[in-house]
$ cat my_file-v7.cif   # mmCIF, C-alpha atoms and all ligand atoms
data_query
#
loop_
_atom_site.label_atom_id
_atom_site.label_comp_id
_atom_site.auth_asym_id
_atom_site.auth_seq_id
_atom_site.Cartn_x
_atom_site.Cartn_y
_atom_site.Cartn_z
CA MET Q 72 2.57 35.85 2.60
CA VAL Q 73 -0.59 33.74 2.51
CA SER Q 74 -2.23 32.55 5.74
CA ILE Q 75 -4.53 29.56 5.42
CA LEU Q 76 -6.74 27.84 7.98
CA ALA Q 77 -6.76 24.19 6.92
CA ILE Q 78 -8.87 21.20 7.95
CA GLU Q 79 -8.20 17.48 7.35
CA THR Q 80 -10.81 14.83 8.13
CA SER Q 81 -10.43 12.30 5.30
CA CYS Q 82 -9.97 9.25 7.55
CA ASP Q 83 -9.41 8.86 11.29
CA GLU Q 84 -7.60 12.03 12.38
CA THR Q 85 -9.46 15.28 13.03
CA ALA Q 86 -6.88 17.92 12.21
CA ALA Q 87 -6.77 21.70 11.87
CA ALA Q 88 -3.79 23.95 11.22
CA VAL Q 89 -2.79 27.48 10.33
CA VAL Q 90 -0.08 27.69 7.69
CA ASN Q 91 1.75 30.72 6.38
CA ASN Q 92 3.08 29.73 2.93
CA ARG Q 93 5.41 26.84 3.91
CA ASN Q 94 5.53 27.75 7.62
CA VAL Q 95 3.39 25.96 10.17
CA CYS Q 96 1.89 28.42 12.69
CA SER Q 97 -0.13 25.72 14.47
CA SER Q 98 -1.04 22.07 13.86
CA ILE Q 99 -3.67 20.30 15.93
CA ILE Q 100 -4.22 16.56 15.42
CA THR Q 101 -6.85 14.63 17.36
CA SER Q 102 -6.36 10.95 16.62
CA GLN Q 103 -9.29 8.53 16.71
CA ILE Q 104 -7.01 5.49 16.85
CA PRO Q 105 -8.01 4.46 20.42
CA VAL Q 106 -11.69 4.47 19.35
CA HIS Q 107 -11.14 2.32 16.24
CA ARG Q 108 -8.59 -0.01 17.82
CA GLN Q 109 -11.32 -2.11 19.47
CA TYR Q 110 -12.70 -2.91 15.97
CA GLY Q 111 -9.27 -3.68 14.45
CA GLY Q 112 -9.64 -0.93 11.82
CA VAL Q 113 -11.44 2.28 10.94
CA VAL Q 114 -15.24 2.10 11.12
CA PRO Q 115 -16.44 4.84 8.72
CA GLU Q 116 -19.65 5.78 10.53
CA VAL Q 117 -17.86 5.98 13.88
CA ALA Q 118 -15.15 8.12 12.25
CA SER Q 119 -17.69 10.67 10.92
CA ARG Q 120 -19.34 11.01 14.33
CA GLN Q 121 -15.98 11.48 16.05
CA HIS Q 122 -15.07 14.22 13.54
CA VAL Q 123 -18.33 16.05 14.32
CA GLU Q 124 -17.51 15.96 18.03
CA THR Q 125 -13.95 17.27 17.78
CA ILE Q 126 -13.76 19.50 14.70
CA ASN Q 127 -14.85 22.79 16.31
CA GLN Q 128 -12.41 22.41 19.17
CA ALA Q 129 -9.55 21.58 16.77
CA ILE Q 130 -10.25 24.67 14.63
CA ALA Q 131 -10.51 26.98 17.67
CA GLN Q 132 -7.27 25.57 19.08
CA ALA Q 133 -5.44 26.00 15.77
CA LEU Q 134 -6.38 29.69 15.64
CA ILE Q 135 -5.44 30.26 19.30
CA GLU Q 136 -2.03 28.59 18.93
CA ALA Q 137 -1.32 30.53 15.73
CA ASN Q 138 -2.35 33.69 17.56
CA LEU Q 139 -4.29 34.86 14.52
CA GLY Q 140 -7.80 36.27 14.17
CA TRP Q 141 -10.15 35.80 11.22
CA ALA Q 142 -9.06 39.13 9.72
CA GLU Q 143 -5.57 37.72 9.18
CA ILE Q 144 -6.74 34.50 7.47
CA ASP Q 145 -6.66 34.72 3.66
CA GLY Q 146 -8.43 31.48 2.82
CA ILE Q 147 -10.07 28.38 4.27
CA ALA Q 148 -8.97 24.97 3.04
CA ALA Q 149 -10.10 21.41 3.64
CA THR Q 150 -9.47 17.99 2.15
CA CYS Q 151 -12.34 17.19 -0.22
CA ALA Q 152 -11.03 14.00 -1.93
CA PRO Q 153 -10.20 11.13 -1.80
CA GLY Q 154 -11.24 9.49 1.48
CA LEU Q 155 -14.23 8.30 3.49
CA VAL Q 156 -17.20 10.31 2.23
CA GLY Q 157 -18.82 10.83 5.63
CA SER Q 158 -15.52 11.96 7.15
CA LEU Q 159 -14.66 14.26 4.26
CA LEU Q 160 -18.12 15.83 4.49
CA VAL Q 161 -17.59 16.93 8.10
CA GLY Q 162 -14.36 18.82 7.42
CA PHE Q 163 -15.36 20.21 4.05
CA THR Q 164 -18.76 21.40 5.28
CA ALA Q 165 -17.06 23.13 8.22
CA ALA Q 166 -14.67 24.85 5.78
CA LYS Q 167 -17.54 25.94 3.51
CA SER Q 168 -19.51 27.34 6.45
CA LEU Q 169 -16.52 29.29 7.73
CA ALA Q 170 -15.77 30.57 4.22
CA LEU Q 171 -19.36 31.85 3.91
CA ILE Q 172 -19.53 33.36 7.39
CA HIS Q 173 -16.16 35.10 7.21
CA GLN Q 174 -16.34 35.87 3.48
CA LYS Q 175 -13.09 34.04 2.65
CA PRO Q 176 -12.15 32.02 -0.41
CA LEU Q 177 -12.59 28.23 -0.17
CA ILE Q 178 -9.78 25.93 -1.31
CA GLY Q 179 -10.59 22.22 -1.62
CA VAL Q 180 -7.45 20.08 -1.43
CA HIS Q 181 -6.66 16.60 -2.79
CA HIS Q 182 -5.43 14.49 0.14
CA LEU Q 183 -2.50 13.02 -1.78
CA GLU Q 184 -1.37 16.43 -2.95
CA GLY Q 185 -1.29 17.29 0.75
CA HIS Q 186 1.07 14.34 1.39
CA ILE Q 187 3.33 15.64 -1.41
CA TYR Q 188 3.33 19.11 0.15
CA ALA Q 189 4.39 17.69 3.55
CA SER Q 190 7.92 17.67 2.11
CA TYR Q 191 7.81 21.45 1.55
CA LEU Q 192 7.08 22.00 5.25
CA SER Q 193 10.40 20.54 6.33
CA SER Q 194 12.34 21.43 3.15
CA PRO Q 195 11.03 24.90 2.16
CA GLU Q 196 13.74 25.23 -0.49
CA LEU Q 197 12.40 22.19 -2.40
CA GLU Q 198 11.06 22.98 -5.90
CA PRO Q 199 9.69 20.77 -8.69
CA PRO Q 200 10.59 18.77 -10.64
CA PHE Q 201 11.11 15.89 -8.22
CA LEU Q 202 9.88 12.36 -7.62
CA CYS Q 203 7.45 11.67 -4.78
CA LEU Q 204 7.21 8.19 -3.32
CA LEU Q 205 3.78 8.31 -1.72
CA VAL Q 206 3.15 5.44 0.65
CA SER Q 207 0.04 5.60 2.81
CA GLY Q 208 -2.77 3.39 4.06
CA GLY Q 209 -4.60 3.64 0.74
CA HIS Q 210 -1.93 4.46 -1.84
CA THR Q 211 1.50 3.42 -3.07
CA SER Q 212 2.52 5.65 -5.94
CA LEU Q 213 5.55 7.05 -7.68
CA ILE Q 214 4.60 10.55 -8.76
CA PHE Q 215 6.48 12.85 -11.10
CA VAL Q 216 5.85 16.27 -9.49
CA LYS Q 217 6.08 18.80 -12.32
CA ASP Q 218 4.41 21.81 -10.73
CA CYS Q 219 1.60 22.75 -8.34
CA GLY Q 220 -1.40 20.71 -9.56
CA ASP Q 221 0.61 19.03 -12.34
CA TYR Q 222 1.37 15.37 -11.61
CA GLU Q 223 2.14 12.24 -13.61
CA ILE Q 224 1.68 8.85 -11.97
CA LEU Q 225 4.63 6.68 -13.00
CA GLY Q 226 4.06 3.70 -10.75
CA GLU Q 227 1.32 2.30 -8.54
CA THR Q 228 0.45 -0.77 -6.53
CA ARG Q 229 -1.57 -3.39 -8.38
CA ASP Q 230 -3.34 -4.54 -5.20
CA ASP Q 231 -2.74 -3.62 -1.55
CA ALA Q 232 -1.19 -0.30 -0.59
CA ALA Q 233 2.00 -0.45 1.48
CA GLY Q 234 0.28 0.78 4.66
CA GLU Q 235 -2.58 -1.64 4.09
CA ALA Q 236 -0.04 -4.49 3.88
CA PHE Q 237 1.51 -3.38 7.18
CA ASP Q 238 -1.94 -3.29 8.80
CA LYS Q 239 -2.99 -6.70 7.41
CA VAL Q 240 0.27 -8.43 8.35
CA ALA Q 241 0.04 -6.89 11.82
CA ARG Q 242 -3.40 -8.40 12.18
CA LEU Q 243 -2.02 -11.83 11.15
CA LEU Q 244 0.52 -11.42 13.94
CA ASN Q 245 -2.16 -10.38 16.45
CA LEU Q 246 -0.78 -6.87 16.80
CA SER Q 247 -3.04 -3.91 17.41
CA TYR Q 248 -4.28 -1.32 14.89
CA PRO Q 249 -2.66 0.55 13.18
CA GLY Q 250 -0.13 -2.13 12.34
CA GLY Q 251 2.60 -0.02 10.75
CA PRO Q 252 4.04 1.51 13.93
CA GLU Q 253 3.71 -1.85 15.77
CA ILE Q 254 5.63 -3.75 13.07
CA ASP Q 255 8.23 -0.97 12.96
CA ARG Q 256 8.74 -1.22 16.74
CA LEU Q 257 8.99 -5.04 16.71
CA ALA Q 258 11.20 -5.15 13.61
CA ALA Q 259 13.86 -3.21 15.51
CA GLN Q 260 14.26 -6.28 17.77
CA GLY Q 261 14.19 -8.89 14.98
CA ASN Q 262 16.44 -10.29 12.27
CA PRO Q 263 15.44 -8.99 8.80
CA LYS Q 264 17.15 -12.00 7.18
CA ALA Q 265 15.38 -14.60 9.33
CA PHE Q 266 12.79 -15.52 6.67
CA PRO Q 267 13.15 -15.04 2.91
CA LEU Q 268 9.98 -13.30 1.69
CA PRO Q 269 9.05 -12.27 -1.88
CA GLU Q 270 9.43 -8.70 -3.04
CA GLY Q 271 6.14 -8.46 -4.90
CA ASN Q 272 7.19 -8.03 -8.50
CA VAL Q 273 4.54 -7.32 -11.13
CA GLY Q 274 5.26 -9.59 -14.10
CA LEU Q 275 5.17 -8.32 -17.68
CA PRO Q 276 3.62 -10.36 -20.54
CA GLY Q 277 6.94 -10.69 -22.41
CA GLY Q 278 8.88 -11.67 -19.26
CA GLY Q 279 10.66 -9.59 -16.63
CA TYR Q 280 8.75 -7.31 -14.30
CA HIS Q 281 7.31 -3.81 -14.26
CA PRO Q 282 10.05 -1.46 -13.04
CA TYR Q 283 7.81 0.94 -11.08
CA ASP Q 284 4.58 -0.88 -10.19
CA SER Q 285 4.42 -2.89 -6.98
CA SER Q 286 2.25 -5.61 -5.48
CA PHE Q 287 1.94 -6.49 -1.81
CA SER Q 288 -0.81 -9.12 -1.74
CA GLY Q 289 1.63 -11.96 -2.55
CA LEU Q 290 3.92 -10.85 0.26
CA LYS Q 291 0.97 -10.75 2.67
CA THR Q 292 0.00 -14.31 1.62
CA ALA Q 293 3.62 -15.46 2.06
CA VAL Q 294 3.59 -14.14 5.65
CA TRP Q 295 0.26 -15.92 6.23
CA ARG Q 296 1.74 -19.23 4.91
CA LEU Q 297 4.83 -18.76 7.05
CA VAL Q 298 2.72 -18.23 10.18
CA GLN Q 299 0.63 -21.35 9.33
CA LYS Q 300 3.79 -23.43 8.81
CA LEU Q 301 5.36 -22.28 12.08
CA GLN Q 302 2.13 -23.01 13.94
CA GLN Q 303 1.91 -26.50 12.39
CA GLU Q 304 5.49 -27.08 13.49
CA LYS Q 305 4.36 -26.04 17.00
CA VAL Q 306 6.86 -23.20 17.16
CA ASP Q 307 5.81 -21.39 20.31
CA PRO Q 308 6.03 -18.50 20.87
CA LEU Q 309 5.95 -17.33 17.25
CA PRO Q 310 9.13 -15.43 16.33
CA VAL Q 311 7.04 -12.29 15.79
CA ALA Q 312 9.96 -9.84 15.81
CA ASP Q 313 11.83 -11.85 13.13
CA ILE Q 314 8.69 -12.10 10.97
CA ALA Q 315 8.05 -8.35 11.37
CA ALA Q 316 11.68 -7.53 10.51
CA SER Q 317 11.69 -9.83 7.45
CA PHE Q 318 8.38 -8.40 6.20
CA GLN Q 319 9.48 -4.80 6.74
CA ALA Q 320 12.79 -5.44 4.96
CA SER Q 321 10.95 -6.89 1.97
CA VAL Q 322 8.65 -3.84 1.70
CA ALA Q 323 11.61 -1.47 2.11
CA ARG Q 324 13.60 -3.29 -0.60
CA SER Q 325 10.68 -3.31 -3.00
CA LEU Q 326 9.86 0.40 -2.58
CA THR Q 327 13.52 1.44 -2.68
CA LYS Q 328 14.30 -0.48 -5.85
CA ARG Q 329 11.36 1.08 -7.70
CA ALA Q 330 11.89 4.63 -6.45
CA ILE Q 331 15.56 4.65 -7.39
CA ALA Q 332 14.98 3.11 -10.84
CA CYS Q 333 12.28 5.71 -11.49
CA ALA Q 334 14.36 8.70 -10.33
CA LEU Q 335 17.32 7.60 -12.46
CA ASP Q 336 15.23 6.85 -15.56
CA TYR Q 337 13.49 10.25 -15.37
CA ASN Q 338 16.66 12.08 -14.37
CA LEU Q 339 15.08 13.41 -11.17
CA LYS Q 340 17.63 14.28 -8.49
CA THR Q 341 15.32 14.31 -5.46
CA ILE Q 342 13.00 11.68 -4.02
CA ALA Q 343 10.53 13.17 -1.52
CA VAL Q 344 8.74 10.51 0.49
CA GLY Q 345 5.25 11.09 1.91
CA GLY Q 346 2.36 9.30 3.63
CA GLY Q 347 2.14 7.26 6.83
CA VAL Q 348 4.62 4.58 5.71
CA ALA Q 349 7.24 7.33 5.22
CA ALA Q 350 7.49 7.11 9.03
CA ASN Q 351 8.87 3.58 8.74
CA SER Q 352 12.43 3.33 10.02
CA GLY Q 353 13.29 0.37 7.75
CA LEU Q 354 12.24 2.28 4.63
CA ARG Q 355 14.03 5.41 5.83
CA SER Q 356 17.39 3.71 6.34
CA HIS Q 357 17.17 1.42 3.30
CA LEU Q 358 16.24 4.18 0.85
CA GLN Q 359 18.80 6.66 2.22
CA ALA Q 360 21.59 4.07 1.97
CA ALA Q 361 20.64 2.95 -1.55
CA ALA Q 362 20.26 6.51 -2.89
CA ALA Q 363 23.64 7.77 -1.69
CA PRO Q 364 25.83 6.02 -4.35
CA HIS Q 365 23.58 7.53 -7.06
CA HIS Q 366 23.87 11.04 -5.54
CA LEU Q 367 20.12 11.21 -5.16
CA GLN Q 368 18.72 13.45 -2.45
CA VAL Q 369 16.08 11.72 -0.29
CA LEU Q 370 13.71 13.81 1.83
CA PHE Q 371 11.56 12.37 4.60
CA PRO Q 372 9.18 14.73 6.43
CA PRO Q 373 9.30 14.62 10.25
CA LEU Q 374 7.04 11.88 11.61
CA LYS Q 375 4.23 14.31 12.56
CA TYR Q 376 3.89 15.36 8.90
CA CYS Q 377 4.10 11.79 7.48
CA THR Q 378 0.76 10.63 8.89
CA ASP Q 379 -2.41 12.62 8.28
CA ASN Q 380 -2.31 16.24 9.40
CA ALA Q 381 -3.82 19.57 8.33
CA ALA Q 382 -0.53 21.49 7.99
CA MET Q 383 0.26 19.66 4.73
CA ILE Q 384 -3.24 20.50 3.45
CA GLY Q 385 -2.71 24.18 4.31
CA CYS Q 386 0.65 24.19 2.55
CA ALA Q 387 -0.89 22.83 -0.67
CA ALA Q 388 -3.80 25.28 -0.37
CA ALA Q 389 -1.46 28.27 0.09
CA ASP Q 390 0.29 27.41 -3.18
CA HIS Q 391 -2.99 27.03 -5.07
CA PHE Q 392 -4.34 30.26 -3.54
CA ARG Q 393 -1.21 32.19 -4.65
CA ARG Q 394 -1.96 31.04 -8.20
CA GLY Q 395 -5.60 32.11 -8.01
CA HIS Q 396 -6.96 28.56 -7.68
CA ILE Q 397 -10.18 28.89 -5.68
CA SER Q 398 -12.92 26.24 -5.31
CA PRO Q 399 -16.59 26.93 -6.02
CA LEU Q 400 -18.84 26.78 -2.94
CA ASN Q 401 -20.94 24.04 -4.56
CA LEU Q 402 -17.95 21.69 -4.90
CA GLY Q 403 -18.74 18.27 -3.37
CA VAL Q 404 -16.56 15.66 -1.68
CA GLN Q 405 -15.37 12.61 -3.65
CA SER Q 406 -14.33 9.23 -2.28
CA ARG Q 407 -12.05 8.76 -5.29
CA LEU Q 408 -10.26 11.28 -7.45
CA SER Q 409 -7.05 10.79 -9.41
CA LEU Q 410 -4.18 13.09 -8.57
CA THR Q 411 -4.06 13.92 -12.27
CA ASN Q 412 -7.49 15.60 -11.88
CA VAL Q 413 -6.53 17.96 -9.04
CA MET Q 414 -7.27 21.04 -11.13
CA SER Q 415 -10.94 19.98 -11.41
CA LEU Q 416 -11.30 21.23 -7.81
CA TYR Q 417 -10.77 24.86 -8.84
CA CYS Q 418 -12.71 27.46 -10.82
CA PRO Q 419 -11.14 28.33 -14.18
CA VAL Q 420 -8.76 31.26 -13.63
O1 LIG Q 501 -1.00 8.70 5.45
P1 LIG Q 501 -1.73 7.99 6.51
O2 LIG Q 501 -1.71 8.58 7.91
O3 LIG Q 501 -3.24 7.80 6.14
C1 LIG Q 501 -3.65 7.57 4.83
O4 LIG Q 501 -3.75 8.55 4.06
O5 LIG Q 501 -3.83 6.37 4.52
O6 LIG Q 501 -1.16 6.49 6.55
C2 LIG Q 501 -1.62 5.54 7.46
C3 LIG Q 501 -0.85 4.25 7.23
C4 LIG Q 501 -1.38 3.10 8.07
O7 LIG Q 501 -1.54 1.98 7.22
C5 LIG Q 501 -0.25 2.87 9.08
O8 LIG Q 501 -0.13 1.51 9.49
C6 LIG Q 501 0.97 3.32 8.29
O9 LIG Q 501 0.53 4.44 7.58
N1 LIG Q 501 2.10 3.69 9.17
C7 LIG Q 501 3.28 3.04 9.16
C8 LIG Q 501 4.07 3.63 10.18
N2 LIG Q 501 3.35 4.64 10.74
C9 LIG Q 501 2.14 4.65 10.10
N3 LIG Q 501 3.71 2.00 8.41
C10 LIG Q 501 4.94 1.54 8.65
N4 LIG Q 501 5.76 2.05 9.61
C11 LIG Q 501 5.37 3.08 10.38
N5 LIG Q 501 6.19 3.57 11.31
ZN ZN Q 502 -3.06 10.24 4.31
#

$ encode --input "my_file-v7.cif" --output "structure tokens"
Amino acid sequence: MVSILAIETSCDETAAAVVNNRNVCSSIITSQIPVHRQYGGVVPEVASRQHVETINQAIAQALIEANLGWAEIDGIAATCAPGLVGSLLVGFTAAKSLALIHQKPLIGVHHLEGHIYASYLSSPELEPPFLCLLVSGGHTSLIFVKDCGDYEILGETRDDAAGEAFDKVARLLNLSYPGGPEIDRLAAQGNPKAFPLPEGNVGLPGGGYHPYDSSFSGLKTAVWRLVQKLQQEKVDPLPVADIAASFQASVARSLTKRAIACALDYNLKTIAVGGGVAANSGLRSHLQAAAAPHHLQVLFPPLKYCTDNAAMIGCAAADHFRRGHISPLNLGVQSRLSLTNVMSLYCPV
């Protein structure tokens, strides 16, 4: 059994958790959403300062709720890439300091690997190989999970990430930040067939479209044009619920089509979904329904492990630690790092 104290501060949640292999002993998440809402999005400098103010309390609370002392902690983990540099620095510096003070190994974790590991928290029996559909505020990827630290990116977005599209469309509709949960809530009251919207196919030079890559900027523009047209026609109030439902259905269709094609082509029997957009009820129902006839298993983490949290980071760290993957104390944070370079975070074994 490996007990890890984990920290996540890559964006706008200050999170700390204690994880025992794939078991969550405690998970503290302090969201900064109310602070950033007034600006309509995350302000990086404000995010870093908020992390500094709350990180110590989150760590102390995680240890208290887990009922563990430092002697029982085997390693200290924190997200070190990718993300907002100032935010990453707060969590990773805290982890380094604690590792030095308490003489524990340091495990830097790739944020997206954390989102993949969220599926292990709710499905501890899950083992690679499987396909991960990772849909967050910054990423939309289809990942062939071969082993711990061994990933192949099969599909990506060519422009906006799925979560980014939700946030931008929400802003067009005058909804508050973050837009995903707001659109999800409104879509439940709207008609998904009210407005035909494009699915965001990525064309190939010889004709047809890329089977796994997606694009959401065209869809976003289509919603913008629709809103302009309705306003010119003096439609008042705007049918916001119908627009939200039509947009959400288009994203769900697009992601589902690609994930299923990819799983079938690579003969992968399980699709594990991760990232904030995995919380979306339209995607959840659409993907589950479409996967059933193909006998594909679809796993969605509970909502609290879809959006950013430290438990998923601890789960990934525990697996790396078991394999002897430890980070050097002079490792820095990186705003960008491909998932295929995860092993660069660890000393050669
Ligand atoms: O994974 P996450 O918490 O942070 C990143 O790593 O980016 O994802 C945040 C994104 C935001 O864009 C947010 O609008 C979206 O996830 N999101 C949702 C829902 N809940 C959060 N999108 C659609 N439906 C939701 N229910
Ligand atoms: Zn995330």

$ closest_residue --input "my_file-v7.cif" --among "Q:Leu169, Q:Ala258, Q:Met383, Q:Val311" --to "Q:Asn351" --atoms "only C-alpha atoms"
Q:Ala258

$ residues_near_ligand --input "my_file-v7.cif" --ligand "ligand ZN 502 (chain Q)" --cutoff "6 Å" --atoms "only C-alpha atoms and all ligand atoms" --output "PDB file with C-alpha atoms, keeping the file's coordinate frame"
ATOM      1  CA  SER Q 207       0.040   5.600   2.810  1.00  0.00           C
ATOM      2  CA  GLY Q 346       2.360   9.300   3.630  1.00  0.00           C
ATOM      3  CA  THR Q 378       0.760  10.630   8.890  1.00  0.00           C
ATOM      4  CA  ASP Q 379      -2.410  12.620   8.280  1.00  0.00           C
TER       5      ASP Q 379
END

$ closest_atom_pairs --input "my_file-v7.cif" --of "chain Q" --to "ligand LIG 501 (chain Q)" --cutoff "9 Å" --atoms "only C-alpha atoms and all ligand atoms" --output "tab-separated table"
residue	atom	partner	partner_atom	distance
Q:Ser81	CA	Q:LIG501	O4	7.8
Q:Cys82	CA	Q:LIG501	O3	7.0
Q:Asp83	CA	Q:LIG501	O3	8.1
Q:Glu84	CA	Q:LIG501	O2	8.2
Q:Gly154	CA	Q:LIG501	O4	8.0
Q:His182	CA	Q:LIG501	O4	7.3
Q:Leu183	CA	Q:LIG501	O4	7.5
Q:His186	CA	Q:LIG501	O1	7.3
Q:Leu205	CA	Q:LIG501	O1	8.6
Q:Val206	CA	Q:LIG501	O1	7.1
Q:Ser207	CA	Q:LIG501	O6	4.0
Q:Gly208	CA	Q:LIG501	O5	3.2
Q:Gly209	CA	Q:LIG501	O5	4.7
Q:His210	CA	Q:LIG501	O5	6.9
Q:Ala232	CA	Q:LIG501	O7	8.1
Q:Ala233	CA	Q:LIG501	O7	7.2
Q:Gly234	CA	Q:LIG501	O7	3.4
Q:Glu235	CA	Q:LIG501	O7	4.9
Q:Ala236	CA	Q:LIG501	O7	7.4
Q:Phe237	CA	Q:LIG501	O8	5.7
Q:Asp238	CA	Q:LIG501	O8	5.2
Q:Lys239	CA	Q:LIG501	O7	8.8
Q:Ala241	CA	Q:LIG501	O8	8.7
Q:Tyr248	CA	Q:LIG501	O8	7.4
Q:Pro249	CA	Q:LIG501	O8	4.6
Q:Gly250	CA	Q:LIG501	O8	4.6
Q:Gly251	CA	Q:LIG501	N3	3.3
Q:Pro252	CA	Q:LIG501	N5	4.0
Q:Glu253	CA	Q:LIG501	N5	7.4
Q:Ile254	CA	Q:LIG501	N4	6.8
Q:Asp255	CA	Q:LIG501	N4	5.1
Q:Arg256	CA	Q:LIG501	N5	7.7
Q:Gln319	CA	Q:LIG501	C10	8.0
Q:Gly345	CA	Q:LIG501	O1	7.6
Q:Gly346	CA	Q:LIG501	O1	3.9
Q:Gly347	CA	Q:LIG501	O9	3.3
Q:Val348	CA	Q:LIG501	N3	3.8
Q:Ala349	CA	Q:LIG501	C11	6.9
Q:Ala350	CA	Q:LIG501	N5	4.4
Q:Asn351	CA	Q:LIG501	N4	3.6
Q:Ser352	CA	Q:LIG501	N5	6.4
Q:Gly353	CA	Q:LIG501	N4	7.9
Q:Leu354	CA	Q:LIG501	N4	8.2
Q:Leu374	CA	Q:LIG501	N2	8.2
Q:Tyr376	CA	Q:LIG501	O2	8.8
Q:Cys377	CA	Q:LIG501	O1	6.3
Q:Thr378	CA	Q:LIG501	O2	3.4
Q:Asp379	CA	Q:LIG501	O2	4.1
Q:Asn380	CA	Q:LIG501	O2	7.8

$ write_last_selection --input "my_file-v7.cif" --atoms "C-alpha atoms" --output "PDB file, keeping the file's coordinate frame"
ATOM      1  CA  SER Q  81     -10.430  12.300   5.300  1.00  0.00           C
ATOM      2  CA  CYS Q  82      -9.970   9.250   7.550  1.00  0.00           C
ATOM      3  CA  ASP Q  83      -9.410   8.860  11.290  1.00  0.00           C
ATOM      4  CA  GLU Q  84      -7.600  12.030  12.380  1.00  0.00           C
ATOM      5  CA  GLY Q 154     -11.240   9.490   1.480  1.00  0.00           C
ATOM      6  CA  HIS Q 182      -5.430  14.490   0.140  1.00  0.00           C
ATOM      7  CA  LEU Q 183      -2.500  13.020  -1.780  1.00  0.00           C
ATOM      8  CA  HIS Q 186       1.070  14.340   1.390  1.00  0.00           C
ATOM      9  CA  LEU Q 205       3.780   8.310  -1.720  1.00  0.00           C
ATOM     10  CA  VAL Q 206       3.150   5.440   0.650  1.00  0.00           C
ATOM     11  CA  SER Q 207       0.040   5.600   2.810  1.00  0.00           C
ATOM     12  CA  GLY Q 208      -2.770   3.390   4.060  1.00  0.00           C
ATOM     13  CA  GLY Q 209      -4.600   3.640   0.740  1.00  0.00           C
ATOM     14  CA  HIS Q 210      -1.930   4.460  -1.840  1.00  0.00           C
ATOM     15  CA  ALA Q 232      -1.190  -0.300  -0.590  1.00  0.00           C
ATOM     16  CA  ALA Q 233       2.000  -0.450   1.480  1.00  0.00           C
ATOM     17  CA  GLY Q 234       0.280   0.780   4.660  1.00  0.00           C
ATOM     18  CA  GLU Q 235      -2.580  -1.640   4.090  1.00  0.00           C
ATOM     19  CA  ALA Q 236      -0.040  -4.490   3.880  1.00  0.00           C
ATOM     20  CA  PHE Q 237       1.510  -3.380   7.180  1.00  0.00           C
ATOM     21  CA  ASP Q 238      -1.940  -3.290   8.800  1.00  0.00           C
ATOM     22  CA  LYS Q 239      -2.990  -6.700   7.410  1.00  0.00           C
ATOM     23  CA  ALA Q 241       0.040  -6.890  11.820  1.00  0.00           C
ATOM     24  CA  TYR Q 248      -4.280  -1.320  14.890  1.00  0.00           C
ATOM     25  CA  PRO Q 249      -2.660   0.550  13.180  1.00  0.00           C
ATOM     26  CA  GLY Q 250      -0.130  -2.130  12.340  1.00  0.00           C
ATOM     27  CA  GLY Q 251       2.600  -0.020  10.750  1.00  0.00           C
ATOM     28  CA  PRO Q 252       4.040   1.510  13.930  1.00  0.00           C
ATOM     29  CA  GLU Q 253       3.710  -1.850  15.770  1.00  0.00           C
ATOM     30  CA  ILE Q 254       5.630  -3.750  13.070  1.00  0.00           C
ATOM     31  CA  ASP Q 255       8.230  -0.970  12.960  1.00  0.00           C
ATOM     32  CA  ARG Q 256       8.740  -1.220  16.740  1.00  0.00           C
ATOM     33  CA  GLN Q 319       9.480  -4.800   6.740  1.00  0.00           C
ATOM     34  CA  GLY Q 345       5.250  11.090   1.910  1.00  0.00           C
ATOM     35  CA  GLY Q 346       2.360   9.300   3.630  1.00  0.00           C
ATOM     36  CA  GLY Q 347       2.140   7.260   6.830  1.00  0.00           C
ATOM     37  CA  VAL Q 348       4.620   4.580   5.710  1.00  0.00           C
ATOM     38  CA  ALA Q 349       7.240   7.330   5.220  1.00  0.00           C
ATOM     39  CA  ALA Q 350       7.490   7.110   9.030  1.00  0.00           C
ATOM     40  CA  ASN Q 351       8.870   3.580   8.740  1.00  0.00           C
ATOM     41  CA  SER Q 352      12.430   3.330  10.020  1.00  0.00           C
ATOM     42  CA  GLY Q 353      13.290   0.370   7.750  1.00  0.00           C
ATOM     43  CA  LEU Q 354      12.240   2.280   4.630  1.00  0.00           C
ATOM     44  CA  LEU Q 374       7.040  11.880  11.610  1.00  0.00           C
ATOM     45  CA  TYR Q 376       3.890  15.360   8.900  1.00  0.00           C
ATOM     46  CA  CYS Q 377       4.100  11.790   7.480  1.00  0.00           C
ATOM     47  CA  THR Q 378       0.760  10.630   8.890  1.00  0.00           C
ATOM     48  CA  ASP Q 379      -2.410  12.620   8.280  1.00  0.00           C
ATOM     49  CA  ASN Q 380      -2.310  16.240   9.400  1.00  0.00           C
TER      50      ASN Q 380
END

$ residues_around --input "my_file-v7.cif" --residues "Q:Cys333" --least-positions-apart "2" --cutoff "9 Å" --atoms "all atoms listed in the file" --output "short mmCIF file (atom, residue, chain, number, x, y, z; two decimals) with C-alpha atoms, in the frame of the given file"
data_model
loop_
_atom_site.label_atom_id
_atom_site.label_comp_id
_atom_site.auth_asym_id
_atom_site.auth_seq_id
_atom_site.Cartn_x
_atom_site.Cartn_y
_atom_site.Cartn_z
CA LEU Q 202 9.88 12.36 -7.62
CA LEU Q 213 5.55 7.05 -7.68
CA LEU Q 225 4.63 6.68 -13.00
CA GLY Q 226 4.06 3.70 -10.75
CA PRO Q 282 10.05 -1.46 -13.04
CA TYR Q 283 7.81 0.94 -11.08
CA LYS Q 328 14.30 -0.48 -5.85
CA ARG Q 329 11.36 1.08 -7.70
CA ALA Q 330 11.89 4.63 -6.45
CA ILE Q 331 15.56 4.65 -7.39
CA LEU Q 335 17.32 7.60 -12.46
CA ASP Q 336 15.23 6.85 -15.56
CA TYR Q 337 13.49 10.25 -15.37
CA ASN Q 338 16.66 12.08 -14.37
CA LEU Q 339 15.08 13.41 -11.17
#
